Structures are given as structure tokens and as C-alpha cells.
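I have placed the structure first, in the form of C-alpha cells, so that the comments after it can refer back to it.
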Number of protein chains: 2
Amino acid sequence: MADVARLAGVAISTVSRALANPGRVNEKTRLKIDAAAKQLGYTPNAMARNLRVGKSNIIMIILPGSLYYGVSQIIPQVLQSINNALIQNGYHLMIANLDRDEMSERHILDLAFSGTVRGAIILSSKLPEVDGRSLANAGLSIVSMLLDMSEAGLPSVVTNDREAVREVTAELIRLGHRRFLYIAGPEGNYHDVERYAGTLEALRAAGLTEEAVTRSGGYLGYQEGFEIGVEAASDFARLPDKPTAVIATSDDMAVSFISRVQRMGFNIPGDLSVVSFDGSPVCEFSSPPLSTIEQPAEEMGQAAVGLLMERIDMTDKGMATRHVIPSRLIRRESFALVPSNSA
Amino acid sequence: MADVARLAGVAISTVSRALANPGRVNEKTRLKIDAAAKQLGYTPNAMARNLRVGKSNIIMIILPGSLYYGVSQIIPQVLQSINNALIQNGYHLMIANLDRDEMSERHILDLAFSGTVRGAIILSSKLPEVDGRSLANAGLSIVSMLLDMSEAGLPSVVTNDREAVREVTAELIRLGHRRFLYIAGPEGNYHDVERYAGTLEALRAAGLTEEAVTRSGGYLGYQEGFEIGVEAASDFARLPDKPTAVIATSDDMAVSFISRVQRMGFNIPGDLSVVSFDGSPVCEFSSPPLSTIEQPAEEMGQAAVGLLMERIDMTDKGMATRHVIPSRLIRRESFALVPSNSA
DNA sequence: TTGTAAGCGTTATCAT
DNA sequence: ATGATAACGCTTACAA
């Protein structure tokens with residue numbers, strides 16, 4: 001910057017102003033400075049700037065360690081939409097992985113307390129906390145995405161899973177289905193709670209009870225949704241009264257489940273209807289094409305960044321809002337009338 | 001840091017030393033300082049540190065804009081392995097997207113010239129260059145991954161695609177196949193060149209000519225590999241002499257291709273053997289399970305980071321090395337003897 | 001409108 | 001082994 005100033009024949013501070021607040025400097029001077037900067041191929045040093053203003057322009061996205069649990073299929077879209085939205089606002093995106101170990105928690109806390117990042121978008125239900133340092137008290141702006149953490153004080157971007165699955169279940173009931181298999185991801189988290197609740201609501205509304213549904217999955221030991229689907233297929237094989245409809249809480253689970261039960265000789269959707277969550281592109285090309293409740297990654301990413309930007313400018317951080325994005329069912333062939341021979 | 005110094009009763013510079021070079025300070029003093037730091041919940045400011053030492057500890061990964069072109073399925077694994085390897089070395093990972101527009105190039109150049117990042121791992125064949133600023137001259141350490149750019153001076157981590165596809169093609173020939181369909185990604189890039197060359201080499205070694213293979217795909221207009229597979233299925237439908245074996249250059253392409261030709265009534269592998277590239281987890285659960293030439297994301301990520309670390313410490317950047325990671329065929333049912341009724 | 005100068009939180013040099 | 005101090009490159013009062 002000193003070089004640019006010298007070349008343009010002005011003071012350093014004028015260069016700084018010309019580059020950051022072009023309005024607050026004389027037109028002629030500005031042009032001289034721009035020319036000098038371009039000639040020298042000058043780009044302001046971001047670390048110096050951030051140090052001086054006391055804020056970083058980096059946001060971190062905290063991904064749950066087992067990427068392949070649940071929404072793995074849409075992670076690339078999520079990253080892309082968040083990154084684009086951040087760039088629009090002058091921010092950059094850093095990746096942080098939160099595993100079930102203290103090291104990864106510590107790493108994230110360092111990122112926060114060292115001032116490396118200014119804010120975070122978190123896709124996990126756990127806020128890192130080690131040795132008295134907690135992400136909640138790091139002075140960051142944080143927004144949750146996918147999971148509702150508004151009760152923990154974080155603005156959250158979620159989809160209306162409960163409602164969506166309730167409607168889908170109702171439709172399955174309308175198609176004659178009376179016995180369901182529900183394949184759960186990590187038990188007890190927001191997605192599981194909401195989606196299972198939606199399923200039960202639809203059952204009750206139709207005069208059925210929780211006995212109509214068998215739960216599978218819910219273990220925390222698995223790395224990938226695929227494994228859960230495989231396990232669910234074994235569960236299915238053991239059931240004396242076969243369910244005729246399956247609700248899988250991720251596309252991965254549905255894909256591997258279908259693969260296994262087809263191998264056992266069951267026909268989809270002839271013997272068994274299947275619907276899952278996420279809206280992965282691959283569902284369209286599964287055989288049969290898979291019905292899936294879309295998680296609108298693009299919109300969610302944008303919304304999350306929007307909320308984050310609000311939080312960042314906010315002086316008084318009030319209540320945590322909950323931003324619900326409607327998800328829709330993409331209906332494909334995996335979904336049909338109950339088989340006529342079904343009891 | 002001043003607070004810690006005061007509490008520990010030492011000078012600021014001693015605190016700095018104690019935290020950064022614990023060896024160069026008296027045992028007792030160090031303990032006092034550590035205690036004070038912990039008591040105050042102190043974490044050193046990264047931006048100040050980086051400014052002072054003149055280096056950032058952030059590495060960016062440059063992803064090609066159309067994420068779903070080619071290797072999209074393994075991007076999450078790639079990110080995870082790179083991030084883990086970087087953390088081991090005290091670095092963080094930032095995401096950058098390189099689209100086919102000037103804005104994204106400019107953005108990446110800013111990241112580089114502003115000193116925000118110290119190095120880059122690039123998964124694209126194009127180095128950003130706008131207005132005289134070029135990524136090649138930004139003073140960064142850069143490593144290429146997936147594509148061989150060693151001739152452009154970048155250490156590169158690649159798989160032995162040519163050899164792998166040559167062997168697979170030879171095996172298909174052994175199984176009796178004589179007519180091939182090759183589904184290309186972006187035409188002319190390293191993957192396309194190598195993989196097609198490997199196919200031809202195997203054909204020639206068996207006394208066949210290039211006429212044995214029909215090329216499909218190769219357009220740059222598509223966003224997703226899936227679309228290319230769909231298009232290839234149309235091409236396939238139009239061919240008078242149907243190929244009996246298909247080599248798809250990504251799993252996405254194979255999945256959508258299979259879905260479409262199955263719908264046309266073709267049986268895999270009865271009528272048609274299929275093999276593809278990438279080793280996406282989903283291939284195992286396709287129907288039929290898909291043979292795929294694995295791209296070992298984990299190893300490649302680690303190797304890329306390894307090369308990058310070498311480059312960073314290197315005073316004299318000599319030749320760009322090429323690091324080849326062997327990929328292997330995961331053989332599954334999509335792959336069989338040529339149909340007996342084939343001409 | 002522009003210039004002067006202080007200071008952001010570190011590290012590194014040089015004394016002590 | 002420790003302490004005082006300058007400097008990294010920028011922004012921002014405040015003064016001119």
C-alpha cells in the first residue's frame with residue numbers, strides 16, 4: 001500500500017480510503033490511485049485488515065463427522081450454495097469437521113477463539129465445549145441448518161419434515177397401506193423426532209396406532225446411511241407380518257434397503273412402497289425411481305447465510321428465529337397401491 | 001496476551017515464547033504461564049500471528065464449478081481426508097469454487113493475492129488468470145489433484161487411469177466383447193485423454209481398431225454426469241450395431257445410463273456389461289451392483305497434502321513431481337461374458 | 001479532501 | 001532465560 005501511495009503521490013491513508021470507501025475521496029485522486037494499484041498488481045492484505053478492524057471475514061461450516069450419515073448426498077450442493085451466498089456478502093467459507101472426539105472439538109474452538117472465523121453454520125446438534133471454552137461463548141454468530149436448535153438459542157433453518165412426512169404417510173394410508181417400516185438415522189435427534197412424530201400423527205389421524213409401524217435403525221455406530229439400510233433389510237426379512245410401506249429417513253438408507261430386499265425377491269413397488277428423505281439426484285435413476293422428500297439445499301444454504309448476516313450486524317441478539325423451508329415430495333414409481341394380496 | 005503476562009508476572013514476549021516454543025523457556029515460568037492462560041481462557045489471535053510472520057495457515061481447495069461433473073460423488077470424502085491431513089499439519093481448509101466465469105476467477109485470485117491463503121489444492125485444469133494477475137505467480141504453493149498438471153509445473157496426484165482402463169478393457173475383450181461404448185466427460189481433459197487412450201491401447205493389443213468403440217458425451221454444456229448418461233442412452237438406442245460393453249467415465253453417468261437402457265428393455269449384464277469410474281459407495285447398491293474403478297479419495301487427499309507440505313517448506317521449488325496412486329477395479333455383477341447371440 | 005499518527009495482537013531482534 | 005521494543009500492513013480518529 002505504501003508503494004501504491006508513493007506511485008500515486010498521495011498518503012497511505014488516502015489509498016486505504018480510495019480502495020475501501022471510494023465515495024469518500026476525490027474522483028481524480030481515486031483514478032490515480034486505482035491506476036497505480038492496477039499497475040503494481042496490488043491487492044490489500046486481508047490479515048492486516050482483519051486484524052485492524054478486529055473481525056475476520058471467514059465463516060466456518062461445521063459438518064458432522066460421519067459425513068455419510070444422513071444428508072451426505074446433498075453436502076456438495078449445500079457447500080456450493082453457502083459458499084456462493086457468502087461470497088456475495090464478502091465472506092469466505094472454511095470447513096470444520098466435528099467428530100465424536102475431543103480433538104475435533106478443540107480444533108473448532110481454536111478456530112473460534114483465535115479469531116480466525118467470524119461466524120459459523122452448524123449442521124450438527126452438538127456445540128463443541130472443552131475445558132471451559134464453549135462455542136456458544138466464543139462471541140461468534142452461529143446459525144444452525146437442518147437441525148432445529150432455536151431452543152438452544154441458535155437461529156435455525158429447517159424444513160417442515162413433520163408435516164411432509166405426515167402427508168406422505170396419509171397418502172400411503174389412502175393407498176391402502178396399514179403396516180409400515182420406519183428406518184431411523186441417529187436416534188433422538190431433531191430429524192428423527194420430527195419425522196417419526198409426523199408418521200405417528202398420520203397413523204392416529206387414520207385411527208391406527210403406533211403398532212402399525214416397526215422401527216429399524218437408530219444406532220449411532222454406523223458411518224454410512226447405506227449400512228443402516230442393509231441392516232433394515234435384515235430386520236424386514238425377519239418380520240412375520242411384512243410391512244407394505246417403508247419410510248427411510250435418508251436416500252442412502254432407501255437405496256441400500258431396496259437393493260437388499262429386491263435381492264430377496266421382493267418387488268418395489270409391487271410388494272412394498274418406499275419413500276425417503278433428501279432428494280438426492282441419484283434417486284431419479286434408481287430402479288425403480290425413488291420417491292423422496294426433497295431437502296432444498298440451495299434455498300436452505302441461502303437462508304442460513306441470510307440469517308447469519310442478520311446476526312452479524314445485529315447489535316442486540318434477541319430471540320433465535322426458526323426459518324422453515326417447505327420441502328416437497330418428489331413422487332416417483334417406488335410408491336404405489338398396497339398389494340392386493342396383503343392382509 | 002498482555003493479560004496473561006500480567007497474571008503470570010512476566011513480559012509479553014515471554015508469554016509468546018512459552019506458547020509457541022515451549023522449549024525455549026524455563027520450566028517453572030512455562031507452567032506459570034500455562035496456568036494463567038488456561039485461567040483466562042486465552043487463545044492466541046491467529047490473524048495477528050499470521051500478519052506478523054507473513055504467512056497464512058489456510059489452504060484453499062479449488063473445486064470445479066460444476067460439482068456434479070465427474071467425481072462429484074467422492075467430493076465429500078476428498079474434503080474430509082484433505083481437511084484431516086491439513087489439521088495434522090496445523091493448517092485449515094477453505095473452499096473456493098472455480099466456475100466458468102471471470103468473477104469466480106477474480107475471487108480466487110483475491111484469496112491468493114490478499115495473503116488469505118498460503119497454498120492451494122486444485123481439482124480443475126484451469127489456473128485462474130485475470131488482468132495480469134495469475135494464480136501461478138501468486139507466490140502460493142499449489143498442488144493438483146485428480147488431473148495431471150505436472151507439465152504446467154504443478155506437483156500432481158493422480159491415479160493410473162490409463163493402465164486401469166486398459167486392463168479392464170482387456171478383460172472385457174477376453175469375455176468376448178468386441179463393440180464398446182465409451183461415455184466421456186469433458187472432452188480433452190486429462191481424465192478423458194488417459195482413459196480413452198487406455199481403452200484404445202487394449203483394443204490394439206487385441207488386434208482391434210478404434211472402430212470397435214463409439215464415443216458418447218464429451219459436451220461441456222452439462223451440469224451433471226447424470227445428464228451425460230441419459231444422453232448416452234439415447235445414443236445407444238440409435239446405434240444399429242449395439243455395443244455389448246460400456247465404459248463410463250464416472251459412476252453418475254453409468255447409473256443414469258443403466259437406468260435408461262434398462263427401461264428400454266436391455267438387461268445388464270445379460271445384454272450389456274458396464275464399468276465406470278470413481279468407486280462411489282452407491283455403486284454397491286445399484287441394480288445390478290456396478291463395477292467401478294475406484295478413485296482412492298482418502299489416499300489421494302493425503303498424498304496431495306503431503307506434496308503440498310513439501311512444497312511449502314521447499315526453498316528451491318524444483319521440478320513438479322507426479323504422484324501416481326494405483327486405482328483398482330471393484331468388480332461386481334454389471335460385468336459379464338458377451339451375450340451369446342451377439343454377432 | 002487529504003495527511004499524520006496511533007494501534008490492532010502477535011513475533012523476532014537485540015539487550016540485559 | 002527473560003524483557004523491551006520495533007515491525008507486520010492496514011484502518012481510523014483527528015488535524016490540517
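By order of appearance in the C-alpha cells: chains A, B, ..., then residues from 1 within every chain, and ligands from 1 in the order shown.
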Near chain B, 7 Å: chain D residue rows, closest pairs, only C-alpha atoms (C1' of nucleotides), as JSON lines:
```
{"residue": "D:DA1", "atom": "C1'", "partner": "B:Val25", "partner_atom": "CA", "distance": 6.4}
{"residue": "D:DT2", "atom": "C1'", "partner": "B:Thr14", "partner_atom": "CA", "distance": 6.7}
{"residue": "D:DG3", "atom": "C1'", "partner": "B:Ala11", "partner_atom": "CA", "distance": 6.1}
{"residue": "D:DC8", "atom": "C1'", "partner": "B:Arg52", "partner_atom": "CA", "distance": 4.5}
```
Checklist entry - Residues of chain B within 7 Å of chain A, using only C-alpha atoms, as a ChimeraX atom specification? => result /B:41,43-48,51,76,93-95,110,113-116,133,255-256,259,285-287
Since we have the selection now, will you write its residues out, keeping C-alpha atoms, as an mmCIF file, in the first residue's frame?
```cif
data_model
loop_
_atom_site.group_PDB
_atom_site.id
_atom_site.type_symbol
_atom_site.label_atom_id
_atom_site.label_comp_id
_atom_site.auth_asym_id
_atom_site.auth_seq_id
_atom_site.Cartn_x
_atom_site.Cartn_y
_atom_site.Cartn_z
ATOM 1 C CA GLY B 41 -9.310 -18.944 28.674
ATOM 2 C CA THR B 43 -6.264 -18.451 22.739
ATOM 3 C CA PRO B 44 -3.677 -16.549 20.686
ATOM 4 C CA ASN B 45 -5.041 -14.391 17.898
ATOM 5 C CA ALA B 46 -4.394 -16.112 14.604
ATOM 6 C CA MET B 47 -4.652 -13.066 12.405
ATOM 7 C CA ALA B 48 -2.110 -11.133 14.391
ATOM 8 C CA LEU B 51 0.305 -10.971 9.901
ATOM 9 C CA PRO B 76 -17.190 -35.268 0.458
ATOM 10 C CA LEU B 93 -9.172 -25.668 4.726
ATOM 11 C CA MET B 94 -11.022 -23.014 2.789
ATOM 12 C CA ILE B 95 -13.361 -23.697 -0.107
ATOM 13 C CA ASP B 110 -8.132 -12.225 -4.346
ATOM 14 C CA PHE B 113 -3.015 -12.155 -3.530
ATOM 15 C CA SER B 114 -4.562 -10.853 -0.328
ATOM 16 C CA GLY B 115 -2.492 -13.357 1.581
ATOM 17 C CA THR B 116 -5.596 -15.062 2.923
ATOM 18 C CA ARG B 133 -2.791 -11.450 -12.013
ATOM 19 C CA VAL B 255 -26.075 -45.009 -13.110
ATOM 20 C CA SER B 256 -28.285 -42.850 -15.298
ATOM 21 C CA SER B 259 -31.457 -46.717 -15.659
ATOM 22 C CA PHE B 285 -26.396 -50.882 -4.172
ATOM 23 C CA SER B 286 -27.219 -50.215 -7.761
ATOM 24 C CA SER B 287 -29.053 -52.959 -9.577
#
```
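Near chain B, within 10 Å and counting only C-alpha atoms (C1' of nucleotides), the residues of chain C are DC8, DG9, DT10, DT11 and DA12 of chain C.
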Item to check | Computed interatomic separation between CA of Leu203 in chain B and CA of Val246 in chain B (Å) | outcome: 13.7 Å
For Glu151 in chain A, find every residue with an atom within 10 Å (counting only C-alpha atoms (C1' of nucleotides)), except residues of its own chain fewer than 4 positions away, and show them as a PDB file with all heavy atoms, in the first residue's frame.
```pdb
ATOM      1  N   PRO A 155     -30.484 -19.346  15.733  1.00  0.00           N
ATOM      2  CA  PRO A 155     -31.402 -19.239  14.602  1.00  0.00           C
ATOM      3  C   PRO A 155     -31.234 -20.495  13.764  1.00  0.00           C
ATOM      4  O   PRO A 155     -30.107 -20.942  13.545  1.00  0.00           O
ATOM      5  CB  PRO A 155     -30.893 -18.019  13.840  1.00  0.00           C
ATOM      6  CG  PRO A 155     -30.052 -17.258  14.802  1.00  0.00           C
ATOM      7  CD  PRO A 155     -29.513 -18.249  15.776  1.00  0.00           C
ATOM      8  N   SER A 156     -32.315 -21.072  13.304  1.00  0.00           N
ATOM      9  CA  SER A 156     -32.220 -22.359  12.616  1.00  0.00           C
ATOM     10  C   SER A 156     -32.977 -22.358  11.302  1.00  0.00           C
ATOM     11  O   SER A 156     -34.062 -21.790  11.198  1.00  0.00           O
ATOM     12  CB  SER A 156     -32.782 -23.465  13.507  1.00  0.00           C
ATOM     13  OG  SER A 156     -32.126 -23.477  14.759  1.00  0.00           O
ATOM     14  N   MET A 319     -34.118 -13.006  20.289  1.00  0.00           N
ATOM     15  CA  MET A 319     -34.540 -14.387  20.208  1.00  0.00           C
ATOM     16  C   MET A 319     -33.997 -15.062  18.954  1.00  0.00           C
ATOM     17  O   MET A 319     -33.735 -14.406  17.969  1.00  0.00           O
ATOM     18  CB  MET A 319     -36.055 -14.430  20.131  1.00  0.00           C
ATOM     19  CG  MET A 319     -36.773 -14.685  21.431  1.00  0.00           C
ATOM     20  SD  MET A 319     -38.529 -14.821  21.057  1.00  0.00           S
ATOM     21  CE  MET A 319     -38.608 -14.147  19.402  1.00  0.00           C
ATOM     22  N   ALA A 320     -33.878 -16.351  19.055  1.00  0.00           N
ATOM     23  CA  ALA A 320     -33.458 -17.114  17.892  1.00  0.00           C
ATOM     24  C   ALA A 320     -34.674 -17.467  17.053  1.00  0.00           C
ATOM     25  O   ALA A 320     -35.603 -18.103  17.540  1.00  0.00           O
ATOM     26  CB  ALA A 320     -32.745 -18.382  18.324  1.00  0.00           C
ATOM     27  N   THR A 321     -34.679 -17.018  15.829  1.00  0.00           N
ATOM     28  CA  THR A 321     -35.811 -17.324  14.978  1.00  0.00           C
ATOM     29  C   THR A 321     -35.648 -18.699  14.345  1.00  0.00           C
ATOM     30  O   THR A 321     -34.552 -19.240  14.272  1.00  0.00           O
ATOM     31  CB  THR A 321     -35.945 -16.300  13.845  1.00  0.00           C
ATOM     32  OG1 THR A 321     -34.715 -16.329  13.103  1.00  0.00           O
ATOM     33  CG2 THR A 321     -36.156 -14.913  14.396  1.00  0.00           C
ATOM     34  N   ARG A 322     -36.755 -19.214  13.874  1.00  0.00           N
ATOM     35  CA  ARG A 322     -36.736 -20.516  13.230  1.00  0.00           C
ATOM     36  C   ARG A 322     -37.285 -20.307  11.837  1.00  0.00           C
ATOM     37  O   ARG A 322     -38.401 -19.838  11.654  1.00  0.00           O
ATOM     38  CB  ARG A 322     -37.625 -21.475  14.035  1.00  0.00           C
ATOM     39  CG  ARG A 322     -37.590 -22.875  13.558  1.00  0.00           C
ATOM     40  CD  ARG A 322     -38.055 -23.808  14.690  1.00  0.00           C
ATOM     41  NE  ARG A 322     -38.526 -25.059  14.136  1.00  0.00           N
ATOM     42  CZ  ARG A 322     -39.787 -25.291  13.812  1.00  0.00           C
ATOM     43  NH1 ARG A 322     -40.702 -24.386  14.047  1.00  0.00           N
ATOM     44  NH2 ARG A 322     -40.129 -26.439  13.269  1.00  0.00           N
TER      45      ARG A 322
END
```
